[in-house]
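Asker: You'll find entry_10.txt just under this line, and it carries compact mmCIF, N, CA and C atoms.
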```
# COMPACT_ATOMS: atom_id res chain seq x y z
N MET A 1 0.82 -1.19 0.00
CA MET A 1 0.00 0.00 0.00
C MET A 1 0.87 1.26 0.00
N LYS A 2 1.98 1.21 0.76
CA LYS A 2 2.87 2.36 0.81
C LYS A 2 3.47 2.64 -0.57
N THR A 3 3.78 1.61 -1.29
CA THR A 3 4.35 1.76 -2.62
C THR A 3 3.34 2.41 -3.56
N PHE A 4 2.10 2.01 -3.45
CA PHE A 4 1.05 2.58 -4.29
C PHE A 4 0.86 4.06 -3.99
N VAL A 5 0.85 4.43 -2.74
CA VAL A 5 0.69 5.83 -2.34
C VAL A 5 1.88 6.65 -2.82
N CYS A 6 3.08 6.10 -2.68
CA CYS A 6 4.28 6.80 -3.16
C CYS A 6 4.23 6.98 -4.68
N ALA A 7 3.79 5.95 -5.38
CA ALA A 7 3.68 6.03 -6.84
C ALA A 7 2.66 7.10 -7.23
N LEU A 8 1.53 7.16 -6.54
CA LEU A 8 0.53 8.19 -6.82
C LEU A 8 1.07 9.59 -6.53
N LEU A 9 1.81 9.73 -5.47
CA LEU A 9 2.39 11.02 -5.12
C LEU A 9 3.40 11.46 -6.19
N ILE A 10 4.25 10.56 -6.62
CA ILE A 10 5.23 10.89 -7.66
C ILE A 10 4.52 11.23 -8.97
N PHE A 11 3.48 10.48 -9.30
CA PHE A 11 2.71 10.76 -10.51
C PHE A 11 2.04 12.13 -10.43
N ALA A 12 1.50 12.47 -9.28
CA ALA A 12 0.86 13.78 -9.10
C ALA A 12 1.89 14.91 -9.24
N LEU A 13 3.07 14.71 -8.67
CA LEU A 13 4.14 15.71 -8.81
C LEU A 13 4.58 15.86 -10.26
N LEU A 14 4.68 14.75 -10.95
CA LEU A 14 5.06 14.79 -12.37
C LEU A 14 4.02 15.53 -13.20
N CYS A 15 2.75 15.22 -12.98
CA CYS A 15 1.68 15.90 -13.70
C CYS A 15 1.66 17.40 -13.39
N THR A 16 1.91 17.76 -12.15
CA THR A 16 1.96 19.16 -11.76
C THR A 16 3.10 19.87 -12.46
N PHE A 17 4.26 19.25 -12.49
CA PHE A 17 5.40 19.85 -13.17
C PHE A 17 5.11 20.04 -14.66
N VAL A 18 4.55 19.04 -15.30
CA VAL A 18 4.26 19.13 -16.73
C VAL A 18 3.26 20.25 -17.00
N PHE A 19 2.23 20.35 -16.19
CA PHE A 19 1.24 21.41 -16.39
C PHE A 19 1.85 22.79 -16.18
N ILE A 20 2.61 22.97 -15.11
CA ILE A 20 3.22 24.27 -14.83
C ILE A 20 4.21 24.65 -15.92
N ASN A 21 5.00 23.69 -16.37
CA ASN A 21 5.96 23.95 -17.44
C ASN A 21 5.24 24.32 -18.74
N SER A 22 4.21 23.58 -19.08
CA SER A 22 3.45 23.88 -20.30
C SER A 22 2.80 25.26 -20.21
N TYR A 23 2.26 25.58 -19.06
CA TYR A 23 1.63 26.89 -18.86
C TYR A 23 2.67 28.01 -18.99
N SER A 24 3.84 27.81 -18.41
CA SER A 24 4.89 28.82 -18.47
C SER A 24 5.36 29.05 -19.91
N ILE A 25 5.60 27.98 -20.64
CA ILE A 25 6.03 28.11 -22.03
C ILE A 25 4.93 28.75 -22.86
N SER A 26 3.70 28.35 -22.63
CA SER A 26 2.57 28.90 -23.37
C SER A 26 2.44 30.41 -23.12
N LYS A 27 2.65 30.84 -21.90
CA LYS A 27 2.56 32.25 -21.55
C LYS A 27 3.67 33.05 -22.25
N LYS A 28 4.87 32.51 -22.29
CA LYS A 28 5.98 33.20 -22.96
C LYS A 28 5.76 33.27 -24.46
N LEU A 29 5.21 32.21 -25.02
CA LEU A 29 4.90 32.23 -26.45
C LEU A 29 3.77 33.21 -26.75
N ASP A 30 2.82 33.34 -25.83
CA ASP A 30 1.75 34.33 -26.00
C ASP A 30 2.32 35.75 -26.08
N GLU A 31 3.31 36.04 -25.25
CA GLU A 31 3.95 37.36 -25.29
C GLU A 31 4.58 37.60 -26.66
N LEU A 32 5.28 36.59 -27.17
CA LEU A 32 5.93 36.72 -28.47
C LEU A 32 4.90 36.89 -29.59
N ILE A 33 3.82 36.13 -29.51
CA ILE A 33 2.76 36.22 -30.52
C ILE A 33 2.09 37.59 -30.46
N THR A 34 1.89 38.12 -29.26
CA THR A 34 1.27 39.44 -29.11
C THR A 34 2.14 40.53 -29.73
N ILE A 35 3.44 40.46 -29.48
CA ILE A 35 4.34 41.44 -30.08
C ILE A 35 4.33 41.32 -31.60
N THR A 36 4.38 40.10 -32.09
CA THR A 36 4.39 39.88 -33.53
C THR A 36 3.07 40.31 -34.17
N ALA A 37 1.97 40.08 -33.49
CA ALA A 37 0.67 40.49 -34.03
C ALA A 37 0.53 42.01 -34.12
N SER A 38 1.28 42.73 -33.30
CA SER A 38 1.20 44.19 -33.34
C SER A 38 2.14 44.81 -34.37
N LEU A 39 2.94 43.98 -35.06
CA LEU A 39 3.82 44.50 -36.10
C LEU A 39 2.98 44.93 -37.31
N PRO A 40 3.49 45.86 -38.09
CA PRO A 40 2.75 46.33 -39.27
C PRO A 40 2.48 45.20 -40.26
N LYS A 41 1.38 45.35 -40.99
CA LYS A 41 0.98 44.32 -41.96
C LYS A 41 1.01 44.83 -43.40
N ASN A 42 1.55 46.04 -43.61
CA ASN A 42 1.72 46.54 -44.97
C ASN A 42 2.95 47.45 -45.03
N GLU A 43 3.38 47.74 -46.24
CA GLU A 43 4.64 48.47 -46.45
C GLU A 43 4.58 49.90 -45.91
N GLU A 44 3.44 50.56 -46.05
CA GLU A 44 3.32 51.95 -45.60
C GLU A 44 3.51 52.04 -44.08
N ASP A 45 2.91 51.10 -43.35
CA ASP A 45 3.04 51.12 -41.90
C ASP A 45 4.47 50.81 -41.46
N ILE A 46 5.16 49.97 -42.22
CA ILE A 46 6.57 49.66 -41.88
C ILE A 46 7.41 50.92 -42.05
N LYS A 47 7.20 51.61 -43.14
CA LYS A 47 8.00 52.81 -43.41
C LYS A 47 7.70 53.94 -42.43
N SER A 48 6.48 53.99 -41.93
CA SER A 48 6.12 55.05 -40.99
C SER A 48 6.22 54.60 -39.53
N GLY A 49 6.68 53.38 -39.28
CA GLY A 49 6.76 52.82 -37.93
C GLY A 49 7.72 53.56 -37.02
N GLY A 50 8.84 53.98 -37.54
CA GLY A 50 9.82 54.76 -36.78
C GLY A 50 10.41 54.03 -35.59
N GLU A 51 10.61 54.79 -34.53
CA GLU A 51 11.28 54.29 -33.33
C GLU A 51 10.46 53.23 -32.60
N GLU A 52 9.15 53.35 -32.62
CA GLU A 52 8.30 52.37 -31.94
C GLU A 52 8.44 50.98 -32.58
N LEU A 53 8.47 50.93 -33.89
CA LEU A 53 8.65 49.66 -34.59
C LEU A 53 10.02 49.07 -34.29
N ARG A 54 11.02 49.92 -34.24
CA ARG A 54 12.37 49.45 -33.91
C ARG A 54 12.39 48.84 -32.51
N ARG A 55 11.73 49.47 -31.55
CA ARG A 55 11.66 48.94 -30.18
C ARG A 55 10.92 47.60 -30.13
N GLN A 56 9.85 47.48 -30.91
CA GLN A 56 9.11 46.22 -30.95
C GLN A 56 9.98 45.09 -31.48
N ILE A 57 10.73 45.37 -32.54
CA ILE A 57 11.58 44.34 -33.13
C ILE A 57 12.71 43.97 -32.18
N GLU A 58 13.29 44.94 -31.53
CA GLU A 58 14.34 44.67 -30.54
C GLU A 58 13.78 43.86 -29.37
N ALA A 59 12.57 44.20 -28.92
CA ALA A 59 11.95 43.46 -27.82
C ALA A 59 11.63 42.03 -28.23
N LEU A 60 11.14 41.86 -29.44
CA LEU A 60 10.82 40.52 -29.93
C LEU A 60 12.07 39.66 -30.01
N ARG A 61 13.12 40.21 -30.58
CA ARG A 61 14.38 39.46 -30.69
C ARG A 61 14.97 39.17 -29.31
N GLY A 62 14.91 40.15 -28.41
CA GLY A 62 15.43 39.94 -27.06
C GLY A 62 14.68 38.88 -26.29
N LYS A 63 13.35 38.92 -26.35
CA LYS A 63 12.54 37.90 -25.65
C LYS A 63 12.77 36.52 -26.24
N TRP A 64 12.91 36.45 -27.56
CA TRP A 64 13.16 35.16 -28.19
C TRP A 64 14.51 34.61 -27.74
N SER A 65 15.55 35.43 -27.77
CA SER A 65 16.89 34.98 -27.37
C SER A 65 16.91 34.58 -25.90
N GLU A 66 16.21 35.32 -25.08
CA GLU A 66 16.17 35.06 -23.65
C GLU A 66 15.48 33.73 -23.32
N ASN A 67 14.47 33.37 -24.09
CA ASN A 67 13.69 32.15 -23.82
C ASN A 67 14.09 30.96 -24.67
N MET A 68 14.94 31.15 -25.65
CA MET A 68 15.28 30.08 -26.59
C MET A 68 15.87 28.86 -25.88
N SER A 69 16.73 29.06 -24.91
CA SER A 69 17.36 27.92 -24.24
C SER A 69 16.33 27.10 -23.46
N MET A 70 15.33 27.76 -22.87
CA MET A 70 14.29 27.02 -22.17
C MET A 70 13.40 26.26 -23.16
N PHE A 71 13.07 26.91 -24.28
CA PHE A 71 12.25 26.25 -25.29
C PHE A 71 12.95 25.02 -25.86
N ALA A 72 14.26 25.08 -25.98
CA ALA A 72 15.02 23.99 -26.61
C ALA A 72 14.91 22.69 -25.83
N TYR A 73 14.65 22.75 -24.54
CA TYR A 73 14.53 21.53 -23.74
C TYR A 73 13.22 20.78 -23.99
N PHE A 74 12.20 21.49 -24.39
CA PHE A 74 10.87 20.89 -24.40
C PHE A 74 10.16 20.88 -25.75
N LEU A 75 10.63 21.65 -26.73
CA LEU A 75 9.89 21.80 -27.97
C LEU A 75 10.63 21.20 -29.16
N SER A 76 9.93 21.06 -30.26
CA SER A 76 10.45 20.47 -31.48
C SER A 76 11.56 21.34 -32.09
N TYR A 77 12.68 20.72 -32.39
CA TYR A 77 13.79 21.47 -32.98
C TYR A 77 13.44 22.00 -34.37
N ASP A 78 12.64 21.27 -35.12
CA ASP A 78 12.25 21.75 -36.45
C ASP A 78 11.49 23.07 -36.36
N LEU A 79 10.51 23.13 -35.47
CA LEU A 79 9.74 24.36 -35.31
C LEU A 79 10.58 25.47 -34.67
N LEU A 80 11.46 25.11 -33.75
CA LEU A 80 12.34 26.11 -33.14
C LEU A 80 13.27 26.71 -34.18
N ASP A 81 13.83 25.87 -35.04
CA ASP A 81 14.71 26.37 -36.09
C ASP A 81 13.95 27.28 -37.06
N ARG A 82 12.71 26.89 -37.37
CA ARG A 82 11.89 27.71 -38.26
C ARG A 82 11.62 29.08 -37.64
N ALA A 83 11.25 29.10 -36.37
CA ALA A 83 10.98 30.36 -35.68
C ALA A 83 12.26 31.19 -35.53
N ASP A 84 13.36 30.53 -35.22
CA ASP A 84 14.63 31.24 -35.06
C ASP A 84 15.07 31.87 -36.38
N GLN A 85 14.93 31.13 -37.46
CA GLN A 85 15.27 31.65 -38.77
C GLN A 85 14.37 32.83 -39.14
N ALA A 86 13.10 32.74 -38.80
CA ALA A 86 12.17 33.84 -39.10
C ALA A 86 12.52 35.09 -38.31
N ILE A 87 12.93 34.94 -37.06
CA ILE A 87 13.34 36.10 -36.25
C ILE A 87 14.57 36.76 -36.86
N ILE A 88 15.52 35.96 -37.28
CA ILE A 88 16.74 36.51 -37.90
C ILE A 88 16.38 37.24 -39.19
N GLU A 89 15.53 36.62 -40.02
CA GLU A 89 15.12 37.26 -41.27
C GLU A 89 14.34 38.55 -41.00
N LEU A 90 13.48 38.54 -40.01
CA LEU A 90 12.70 39.72 -39.65
C LEU A 90 13.62 40.87 -39.24
N TYR A 91 14.57 40.56 -38.38
CA TYR A 91 15.51 41.56 -37.88
C TYR A 91 16.35 42.14 -39.02
N CYS A 92 16.89 41.25 -39.84
CA CYS A 92 17.74 41.71 -40.94
C CYS A 92 16.94 42.47 -41.99
N ALA A 93 15.74 42.01 -42.29
CA ALA A 93 14.91 42.68 -43.30
C ALA A 93 14.53 44.08 -42.83
N TYR A 94 14.24 44.23 -41.55
CA TYR A 94 13.88 45.56 -41.06
C TYR A 94 15.05 46.52 -41.20
N PHE A 95 16.22 46.10 -40.75
CA PHE A 95 17.36 47.00 -40.75
C PHE A 95 17.96 47.20 -42.14
N SER A 96 17.64 46.32 -43.09
CA SER A 96 18.09 46.54 -44.47
C SER A 96 17.03 47.28 -45.29
N GLY A 97 15.83 47.45 -44.73
CA GLY A 97 14.78 48.17 -45.41
C GLY A 97 14.00 47.35 -46.42
N ASN A 98 14.09 46.05 -46.35
CA ASN A 98 13.40 45.16 -47.28
C ASN A 98 12.02 44.82 -46.71
N THR A 99 11.01 45.57 -47.12
CA THR A 99 9.68 45.42 -46.54
C THR A 99 9.00 44.11 -46.91
N GLY A 100 9.24 43.62 -48.12
CA GLY A 100 8.63 42.35 -48.54
C GLY A 100 9.11 41.19 -47.69
N ASP A 101 10.42 41.13 -47.47
CA ASP A 101 10.97 40.07 -46.62
C ASP A 101 10.55 40.24 -45.17
N PHE A 102 10.40 41.49 -44.74
CA PHE A 102 9.95 41.75 -43.37
C PHE A 102 8.56 41.19 -43.15
N LEU A 103 7.65 41.46 -44.07
CA LEU A 103 6.28 40.98 -43.93
C LEU A 103 6.23 39.45 -43.96
N TYR A 104 7.01 38.85 -44.84
CA TYR A 104 7.06 37.39 -44.92
C TYR A 104 7.61 36.78 -43.63
N ALA A 105 8.70 37.34 -43.11
CA ALA A 105 9.32 36.81 -41.90
C ALA A 105 8.41 36.99 -40.69
N ALA A 106 7.70 38.11 -40.62
CA ALA A 106 6.78 38.33 -39.49
C ALA A 106 5.66 37.30 -39.50
N GLU A 107 5.11 37.04 -40.67
CA GLU A 107 4.04 36.04 -40.77
C GLU A 107 4.57 34.64 -40.50
N ASN A 108 5.77 34.35 -40.97
CA ASN A 108 6.39 33.05 -40.75
C ASN A 108 6.64 32.83 -39.25
N PHE A 109 7.12 33.85 -38.54
CA PHE A 109 7.35 33.71 -37.11
C PHE A 109 6.04 33.56 -36.36
N ARG A 110 5.04 34.34 -36.75
CA ARG A 110 3.73 34.26 -36.11
C ARG A 110 3.17 32.84 -36.21
N ASP A 111 3.29 32.25 -37.39
CA ASP A 111 2.81 30.89 -37.60
C ASP A 111 3.63 29.87 -36.80
N ALA A 112 4.95 30.01 -36.82
CA ALA A 112 5.80 29.07 -36.08
C ALA A 112 5.54 29.15 -34.57
N ALA A 113 5.37 30.36 -34.05
CA ALA A 113 5.10 30.51 -32.62
C ALA A 113 3.73 29.94 -32.25
N ALA A 114 2.75 30.12 -33.11
CA ALA A 114 1.42 29.55 -32.85
C ALA A 114 1.49 28.02 -32.85
N ARG A 115 2.26 27.44 -33.74
CA ARG A 115 2.41 25.98 -33.77
C ARG A 115 3.17 25.48 -32.55
N LEU A 116 4.18 26.23 -32.11
CA LEU A 116 4.90 25.85 -30.90
C LEU A 116 3.97 25.89 -29.70
N LYS A 117 3.10 26.87 -29.66
CA LYS A 117 2.15 26.98 -28.55
C LYS A 117 1.19 25.79 -28.53
N ILE A 118 0.74 25.39 -29.71
CA ILE A 118 -0.14 24.22 -29.78
C ILE A 118 0.61 22.97 -29.32
N LEU A 119 1.86 22.85 -29.72
CA LEU A 119 2.66 21.68 -29.37
C LEU A 119 2.87 21.54 -27.87
N CYS A 120 3.11 22.65 -27.21
CA CYS A 120 3.46 22.56 -25.79
C CYS A 120 2.48 23.30 -24.89
N GLY A 121 1.37 23.72 -25.42
CA GLY A 121 0.42 24.48 -24.63
C GLY A 121 -0.26 23.65 -23.56
N ALA A 122 -0.99 24.35 -22.72
CA ALA A 122 -1.68 23.69 -21.62
C ALA A 122 -3.15 23.44 -21.98
N GLY A 123 -3.43 23.21 -23.25
CA GLY A 123 -4.80 22.98 -23.69
C GLY A 123 -4.97 21.60 -24.29
N PHE A 124 -6.20 21.29 -24.68
CA PHE A 124 -6.51 19.98 -25.22
C PHE A 124 -5.89 19.73 -26.58
N GLU A 125 -5.67 20.79 -27.37
CA GLU A 125 -5.10 20.59 -28.71
C GLU A 125 -3.66 20.11 -28.66
N SER A 126 -2.97 20.27 -27.52
CA SER A 126 -1.58 19.83 -27.42
C SER A 126 -1.48 18.32 -27.16
N PHE A 127 -2.58 17.66 -26.89
CA PHE A 127 -2.53 16.22 -26.65
C PHE A 127 -2.43 15.39 -27.92
N ALA A 128 -2.71 16.00 -29.06
CA ALA A 128 -2.71 15.27 -30.34
C ALA A 128 -1.33 14.79 -30.73
```
What do you get writing this file as structure tokens?

Answerer:
Amino acid sequence: MKTFVCALLIFALLCTFVFINSYSISKKLDELITITASLPKNEEDIKSGGEELRRQIEALRGKWSENMSMFAYFLSYDLLDRADQAIIELYCAYFSGNTGDFLYAAENFRDAAARLKILCGAGFESFA
């Protein structure tokens, strides 16, 4: 009986850790998705974005770099590489003034982050 109770306790602790970890990753990905969703969606807005757009891009890149090592332990490397590549392309496209590549990279990162959230989120869709 003691073994069964210990096994249940360990299982409960494991489930708690998995849920808290999934919730934490999901929350950080939500922040990244929110920043990316607020980026301009056309060339005119990119050109008129000014300092605020620059701050958003710097914040997005900083948050991604800050959380990348934690994401690497729990998420798919294929999706992480896709999101990482999109962040690099977004950053470079903005500072080189290439609006077409900027829009593509922003949408690519938004999609990759949404897929990462589904993969490791704390919802029912992550069980698939």

Asker: When you look at Asn108 in chain A with a cut-off of 10 Å (counting only C-alpha atoms), what residues show up, excluding the ones that are within fewer than 6 positions of it in the same chain? I need them as a list of chain:residue names.

Answerer: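 Close residues of Asn108 in chain A: A:Arg82, A:Ala83, A:Gln85, A:Ala86, A:Ile87, A:Glu89, A:Leu90, A:Phe102, A:Ala114.
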
Asker: Using the selection just defined, write its residues with N, CA and C atoms as a PDB file, in the frame of the given file.

Answerer:
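result-v7.pdb, freshly written:
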```pdb
ATOM      1  N   ARG A  82      12.710  26.890 -37.370  1.00  0.00           N
ATOM      2  CA  ARG A  82      11.890  27.710 -38.260  1.00  0.00           C
ATOM      3  C   ARG A  82      11.620  29.080 -37.640  1.00  0.00           C
ATOM      4  N   ALA A  83      11.250  29.100 -36.370  1.00  0.00           N
ATOM      5  CA  ALA A  83      10.980  30.360 -35.680  1.00  0.00           C
ATOM      6  C   ALA A  83      12.260  31.190 -35.530  1.00  0.00           C
ATOM      7  N   GLN A  85      14.930  31.130 -37.460  1.00  0.00           N
ATOM      8  CA  GLN A  85      15.270  31.650 -38.770  1.00  0.00           C
ATOM      9  C   GLN A  85      14.370  32.830 -39.140  1.00  0.00           C
ATOM     10  N   ALA A  86      13.100  32.740 -38.800  1.00  0.00           N
ATOM     11  CA  ALA A  86      12.170  33.840 -39.100  1.00  0.00           C
ATOM     12  C   ALA A  86      12.520  35.090 -38.310  1.00  0.00           C
ATOM     13  N   ILE A  87      12.930  34.940 -37.060  1.00  0.00           N
ATOM     14  CA  ILE A  87      13.340  36.100 -36.250  1.00  0.00           C
ATOM     15  C   ILE A  87      14.570  36.760 -36.860  1.00  0.00           C
ATOM     16  N   GLU A  89      15.530  36.620 -40.020  1.00  0.00           N
ATOM     17  CA  GLU A  89      15.120  37.260 -41.270  1.00  0.00           C
ATOM     18  C   GLU A  89      14.340  38.550 -41.000  1.00  0.00           C
ATOM     19  N   LEU A  90      13.480  38.540 -40.010  1.00  0.00           N
ATOM     20  CA  LEU A  90      12.700  39.720 -39.650  1.00  0.00           C
ATOM     21  C   LEU A  90      13.620  40.870 -39.240  1.00  0.00           C
ATOM     22  N   PHE A 102      10.400  41.490 -44.740  1.00  0.00           N
ATOM     23  CA  PHE A 102       9.950  41.750 -43.370  1.00  0.00           C
ATOM     24  C   PHE A 102       8.560  41.190 -43.150  1.00  0.00           C
ATOM     25  N   ALA A 114       2.750  30.120 -33.110  1.00  0.00           N
ATOM     26  CA  ALA A 114       1.420  29.550 -32.850  1.00  0.00           C
ATOM     27  C   ALA A 114       1.490  28.020 -32.850  1.00  0.00           C
TER      28      ALA A 114
END
```

Asker: Can you tell me, as a PDB file with N, CA and C atoms, in the frame of the given file, what residues are no more than 7 Å from range 19-32 of chain A when counting only N, CA and C atoms, ignoring any on the same chain fewer than 4 positions away?

Answerer:
```pdb
ATOM      1  N   LEU A  14       4.680  14.750 -10.950  1.00  0.00           N
ATOM      2  CA  LEU A  14       5.060  14.790 -12.370  1.00  0.00           C
ATOM      3  C   LEU A  14       4.020  15.530 -13.200  1.00  0.00           C
ATOM      4  N   CYS A  15       2.750  15.220 -12.980  1.00  0.00           N
ATOM      5  CA  CYS A  15       1.680  15.900 -13.700  1.00  0.00           C
ATOM      6  C   CYS A  15       1.660  17.400 -13.390  1.00  0.00           C
ATOM      7  N   THR A  36       4.380  40.100 -32.090  1.00  0.00           N
ATOM      8  CA  THR A  36       4.390  39.880 -33.530  1.00  0.00           C
ATOM      9  C   THR A  36       3.070  40.310 -34.170  1.00  0.00           C
ATOM     10  N   ALA A  37       1.970  40.080 -33.490  1.00  0.00           N
ATOM     11  CA  ALA A  37       0.670  40.490 -34.030  1.00  0.00           C
ATOM     12  C   ALA A  37       0.530  42.010 -34.120  1.00  0.00           C
ATOM     13  N   LEU A  60      11.140  41.860 -29.440  1.00  0.00           N
ATOM     14  CA  LEU A  60      10.820  40.520 -29.930  1.00  0.00           C
ATOM     15  C   LEU A  60      12.070  39.660 -30.010  1.00  0.00           C
ATOM     16  N   ALA A 113       5.370  30.360 -34.050  1.00  0.00           N
ATOM     17  CA  ALA A 113       5.100  30.510 -32.620  1.00  0.00           C
ATOM     18  C   ALA A 113       3.730  29.940 -32.250  1.00  0.00           C
ATOM     19  N   LYS A 117       3.100  26.870 -29.660  1.00  0.00           N
ATOM     20  CA  LYS A 117       2.150  26.980 -28.550  1.00  0.00           C
ATOM     21  C   LYS A 117       1.190  25.790 -28.530  1.00  0.00           C
ATOM     22  N   CYS A 120       3.110  22.650 -27.210  1.00  0.00           N
ATOM     23  CA  CYS A 120       3.460  22.560 -25.790  1.00  0.00           C
ATOM     24  C   CYS A 120       2.480  23.300 -24.890  1.00  0.00           C
ATOM     25  N   GLY A 121       1.370  23.720 -25.420  1.00  0.00           N
ATOM     26  CA  GLY A 121       0.420  24.480 -24.630  1.00  0.00           C
ATOM     27  C   GLY A 121      -0.260  23.650 -23.560  1.00  0.00           C
ATOM     28  N   ALA A 122      -0.990  24.350 -22.720  1.00  0.00           N
ATOM     29  CA  ALA A 122      -1.680  23.690 -21.620  1.00  0.00           C
ATOM     30  C   ALA A 122      -3.150  23.440 -21.980  1.00  0.00           C
TER      31      ALA A 122
END
```

Asker: Please list, as a list in words, the residues that have an atom at most 12 Å away from (12.3, 23.6, -34.5) in the coordinates of this file, counting only C-alpha atoms.

Answerer: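 So the residues meeting the distance criterion are Met68, Phe71, Ala72, Tyr73, Phe74, Leu75, Ser76, Tyr77, Asp78, Leu79, Leu80, Asp81, Arg82, Ala83, Asp84, Gln85, Ala86, Phe109, Ala112, Ala113, Arg115, Leu116 and Leu119 of chain A.
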
Asker: So, with only C-alpha atoms as the atoms that count, which of A:Ile118, A:Leu103, A:Met1, A:Asn67 lies closest to Glu44 in chain A?

Answerer: A:Leu103

Asker: If you run DSSP on this backbone, which residues of chain A come out as alpha helix (DSSP H), and could you give them as a VMD selection string?

Answerer: chain A and resid 2 to 37 43 to 47 50 to 74 77 to 96 99 to 120

Asker: What is the atom N of Lys47 in chain A to CA of Glu66 in chain A distance in Å?

Answerer: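 So the answer is 27.1 Å.
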
Asker: Between atom N of Ile35 in chain A and atom C of Ala59 in chain A, what is the spacing in Å?

Answerer: 8.4 Å

Asker: Could you jot down the atom N of Asn42 in chain A to atom N of Tyr104 in chain A separation for me, Å, one decimal place?

Answerer: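 Computing the Euclidean distance for atom N of Asn42 in chain A and atom N of Tyr104 in chain A yields 9.1 Å.
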